[in-house]
Amino acid sequence: MVFLLFLAVLVLCVAFNWSIIWALAAGLVLFFGKACKQGFHPGSVWKMAWSGMMKTRTVIWMFLFIGMVTGVWRACGTIPWIVSVSAQAVSPQFFVLSAFLLSALMSILTGTSLGTVSTMGTVLMIIASANGANAGITAGAVISGAYVGDRASPMSSCARLMGECVGNDYYDNIGIWVKTAILPVAVCCVAYGVCRTGTQGGQAQVLGLLQKQFVMHPSLVLPAVLILVLSVAKVPVRLTMALSAGLAFVLGILVQKLSVWQLFSSMLVGYHLQADNPLAGMINGGGITSMLRAGFIVLFSGAYAGIFEGTGMMDWAKDFTTKASCRMGVFPVTLAFSILLCAVSCNQSLALMLTSQLCGHNYADPKDQAADLANTSCLIPGLIPWSIASAIPLSVLGVQASCLVFAVYLWGSPLCHLLWRLHRPVKMPQAEKLT
């Protein structure tokens, strides 16, 4: 009954376009009450929830650093410079393929699918509109590329959360992603390469606006280059982002002639142009405050996981996944549960943590678990129209949910991984096999 009530609240929030945080808060109250009804002392239940939230503290810190970096990158001109250079690199003949590759590059550099959609994606949609390109196909390519960085970027909070769930080092997960992403990325390149929309350029308007607003100097790419170089050197991610933010801060003073206060403000509350500025919708954003919503979602998700683990409230589901995995294979069961949890939770973080909690015990090797999560819970939320991982990109790009058919990377990765798992099935722990 409690789960049905929680689901009803989620549906209500989605139907009335209310923040998903209210649904998660209501769910926490419901599950807290159920735990107390089962005989657990309120203080003990709170300790379970707190323990779960503490497991997400690394991710919360990552959110703060990501917000800080993306804010100051906007202010100093790093993101505008990347967008400007990328827009010039758009191939009229292979526009859709260019949209996918440029969005993938931006998402790897920034680590955020939503940030990629609102910057590079907006530019590409403007170019598509000005030249009569198919908006649905273009949006599908943009969304596909935007989710590449969710698993591959050193600044990705999703990749960091996955590492916390599995217990793997972040750089190990990057290697896992490379192995499992080669085929779906190749499929995307072929599919989008075949799509010819007939665009003939049209970047001049966007480039003119960017050059009018920002000083475009090649040095502005250095904060992004620093992120990549230090990541290859396996420097701790938080230190990497702090150094990149510091370099961007200096460039903001020297190149854009911004004040120290303006730069600090962009790190805290984001970079904001006037509402009537045509670049406002494209460039505005970033800042620590922009990550508060995501931070609350992860905290609530951690509290849920803590209560479920401490009370054994979801043990029946774990037993079910074990029995089903023995009959059907581990990955097919993980995939099915991931789809269900993504549809019910309406957000990436909770779906990722619950999938890991319900299915993780079926994996003998954490690397197998990381590979399977990367190809399910990290991507599938982008295909659920009522999930915030999908609803926000669709809204920003101004397209209908039907364009998700062209988001080849999002549904192609799970399918390719399923085919691979048919040949290399997951090994279960011996104890689970005997269950």
# chains A, B, ... in the order shown; residues from 1 in each chain; ligands from 1

$ residues_around --residues "range 20-22 of chain A" --least-positions-apart "5" --cutoff "8 Å" --atoms "only C-alpha atoms" --output "VMD selection string"
chain A and resid 10 13 to 14 293 296 to 297 346

$ residues_around --residues "Lys55 in chain A" --least-positions-apart "3" --cutoff "12 Å" --atoms "only C-alpha atoms" --output "PDB file with C-alpha atoms, in the first residue's frame"
ATOM      1  CA  MET A  48      19.287   4.296   8.637  1.00  0.00           C
ATOM      2  CA  ALA A  49      18.227   7.246   6.497  1.00  0.00           C
ATOM      3  CA  TRP A  50      21.206   9.322   7.646  1.00  0.00           C
ATOM      4  CA  SER A  51      23.592   6.449   6.906  1.00  0.00           C
ATOM      5  CA  GLY A  52      22.196   6.233   3.368  1.00  0.00           C
ATOM      6  CA  THR A  58      31.012  12.346  -2.317  1.00  0.00           C
ATOM      7  CA  VAL A  59      28.412  12.899  -5.009  1.00  0.00           C
ATOM      8  CA  ILE A  60      27.089  15.995  -3.219  1.00  0.00           C
ATOM      9  CA  TRP A  61      30.580  17.463  -3.172  1.00  0.00           C
ATOM     10  CA  ARG A 160      30.472   9.363  -9.709  1.00  0.00           C
ATOM     11  CA  LEU A 161      27.204   8.096  -8.166  1.00  0.00           C
ATOM     12  CA  MET A 162      27.537   4.850 -10.088  1.00  0.00           C
ATOM     13  CA  GLY A 163      31.035   4.409  -8.672  1.00  0.00           C
ATOM     14  CA  GLU A 164      29.719   4.949  -5.143  1.00  0.00           C
ATOM     15  CA  CYS A 165      26.954   2.378  -5.683  1.00  0.00           C
ATOM     16  CA  VAL A 166      29.307  -0.250  -7.071  1.00  0.00           C
ATOM     17  CA  GLY A 167      32.390   0.551  -5.010  1.00  0.00           C
ATOM     18  CA  VAL A 298      20.383  12.366  -4.430  1.00  0.00           C
ATOM     19  CA  LEU A 299      20.019  12.918  -0.666  1.00  0.00           C
ATOM     20  CA  PHE A 300      16.452  11.627  -0.691  1.00  0.00           C
ATOM     21  CA  SER A 301      17.557   8.705  -2.843  1.00  0.00           C
ATOM     22  CA  GLY A 302      20.282   7.894  -0.333  1.00  0.00           C
ATOM     23  CA  ALA A 303      17.784   8.061   2.539  1.00  0.00           C
ATOM     24  CA  TYR A 304      15.471   5.644   0.727  1.00  0.00           C
ATOM     25  CA  ALA A 305      18.326   3.233   0.116  1.00  0.00           C
ATOM     26  CA  GLY A 306      19.362   3.428   3.780  1.00  0.00           C
ATOM     27  CA  MET A 353      20.637   3.548  -6.509  1.00  0.00           C
TER      28      MET A 353
END

$ closest_residue --among "A:Ala336, A:Ala139, A:Leu24, A:Cys378" --to "Ser156 in chain A" --atoms "only C-alpha atoms"
A:Cys378

$ residues_around --residues "range 174-185 of chain A" --least-positions-apart "6" --cutoff "8 Å" --atoms "only C-alpha atoms" --output "ChimeraX atom specification"
/A:151-152,367,370-371,374,409,412-413,416-417

$ write_last_selection --atoms "N, CA and C atoms" --output "PDB file, in the first residue's frame"
ATOM      1  N   ARG A 151      28.418   9.078 -18.685  1.00  0.00           N
ATOM      2  CA  ARG A 151      29.218   7.930 -18.266  1.00  0.00           C
ATOM      3  C   ARG A 151      30.705   8.146 -18.490  1.00  0.00           C
ATOM      4  N   ALA A 152      31.057   9.096 -19.357  1.00  0.00           N
ATOM      5  CA  ALA A 152      32.448   9.191 -19.802  1.00  0.00           C
ATOM      6  C   ALA A 152      33.195  10.404 -19.279  1.00  0.00           C
ATOM      7  N   LYS A 367      32.850  -4.967 -11.592  1.00  0.00           N
ATOM      8  CA  LYS A 367      33.022  -4.382 -12.922  1.00  0.00           C
ATOM      9  C   LYS A 367      31.866  -4.756 -13.845  1.00  0.00           C
ATOM     10  N   ALA A 370      29.037  -2.501 -12.811  1.00  0.00           N
ATOM     11  CA  ALA A 370      29.230  -1.152 -13.326  1.00  0.00           C
ATOM     12  C   ALA A 370      28.880  -1.065 -14.811  1.00  0.00           C
ATOM     13  N   ALA A 371      29.302  -2.067 -15.568  1.00  0.00           N
ATOM     14  CA  ALA A 371      29.008  -2.075 -17.006  1.00  0.00           C
ATOM     15  C   ALA A 371      27.508  -2.148 -17.260  1.00  0.00           C
ATOM     16  N   ALA A 374      25.776   1.142 -16.266  1.00  0.00           N
ATOM     17  CA  ALA A 374      26.094   2.189 -17.236  1.00  0.00           C
ATOM     18  C   ALA A 374      25.233   2.090 -18.482  1.00  0.00           C
ATOM     19  N   TYR A 409      21.468   6.513 -29.301  1.00  0.00           N
ATOM     20  CA  TYR A 409      22.424   6.102 -28.278  1.00  0.00           C
ATOM     21  C   TYR A 409      21.713   5.615 -27.015  1.00  0.00           C
ATOM     22  N   GLY A 412      20.012   2.307 -28.116  1.00  0.00           N
ATOM     23  CA  GLY A 412      20.960   1.424 -28.779  1.00  0.00           C
ATOM     24  C   GLY A 412      21.962   0.808 -27.824  1.00  0.00           C
ATOM     25  N   SER A 413      22.393   1.572 -26.817  1.00  0.00           N
ATOM     26  CA  SER A 413      23.372   1.045 -25.856  1.00  0.00           C
ATOM     27  C   SER A 413      22.835  -0.149 -25.067  1.00  0.00           C
ATOM     28  N   CYS A 416      22.608  -3.135 -27.552  1.00  0.00           N
ATOM     29  CA  CYS A 416      23.934  -3.678 -27.891  1.00  0.00           C
ATOM     30  C   CYS A 416      24.519  -4.449 -26.716  1.00  0.00           C
ATOM     31  N   HIS A 417      24.329  -3.906 -25.508  1.00  0.00           N
ATOM     32  CA  HIS A 417      24.862  -4.565 -24.322  1.00  0.00           C
ATOM     33  C   HIS A 417      24.136  -5.877 -24.067  1.00  0.00           C
TER      34      HIS A 417
END

$ atom_distance --atom1 "CA of Ala75 in chain A" --atom2 "CA of Gly252 in chain A"
6.6 Å

$ closest_residue --among "A:Gly67, A:Gly27, A:Pro80, A:Gly115" --to "Val206 in chain A" --atoms "only C-alpha atoms"
A:Pro80

$ closest_residue --among "A:Phe65, A:Ile288, A:Val215, A:Val190" --to "Ile253 in chain A" --atoms "only C-alpha atoms"
A:Val215

$ closest_residue --among "A:Ala364, A:Leu210, A:Leu268, A:Ile143" --to "Pro381 in chain A" --atoms "only C-alpha atoms"
A:Ile143

$ select_by_dssp --residues "range 66-301 of chain A" --states "alpha helix (DSSP H)" --output "PyMOL selection string"
chain A and resi 66-76+78-88+95-110+113-116+122-130+135-146+149-152+157-166+170-194+204-213+222-232+237-254+260-269+280-283+292-301

$ residues_around --residues "Leu340 in chain A" --least-positions-apart "3" --cutoff "12 Å" --atoms "only C-alpha atoms" --output "PyMOL selection string"
chain A and resi 7+333-337+343-347+350-352+354-355+376-377+380-381+384

$ atom_distance --atom1 "CA of Trp420 in chain A" --atom2 "CA of Leu373 in chain A"
14.4 Å

$ residues_around --residues "Leu358 in chain A" --least-positions-apart "3" --cutoff "8 Å" --atoms "only C-alpha atoms" --output "VMD selection string"
chain A and resid 314 317 to 318 321 354 to 355 361

$ closest_residue --among "A:Cys342, A:Leu4, A:Val9, A:Met68" --to "Leu263 in chain A" --atoms "only C-alpha atoms"
A:Met68

$ residues_around --residues "Leu220 in chain A" --least-positions-apart "5" --cutoff "7 Å" --atoms "only C-alpha atoms" --output "MDAnalysis selection string"
chainID A and resid 77:78 81 251

$ atom_distance --atom1 "CA of Arg238 in chain A" --atom2 "CA of Asp365 in chain A"
27.1 Å
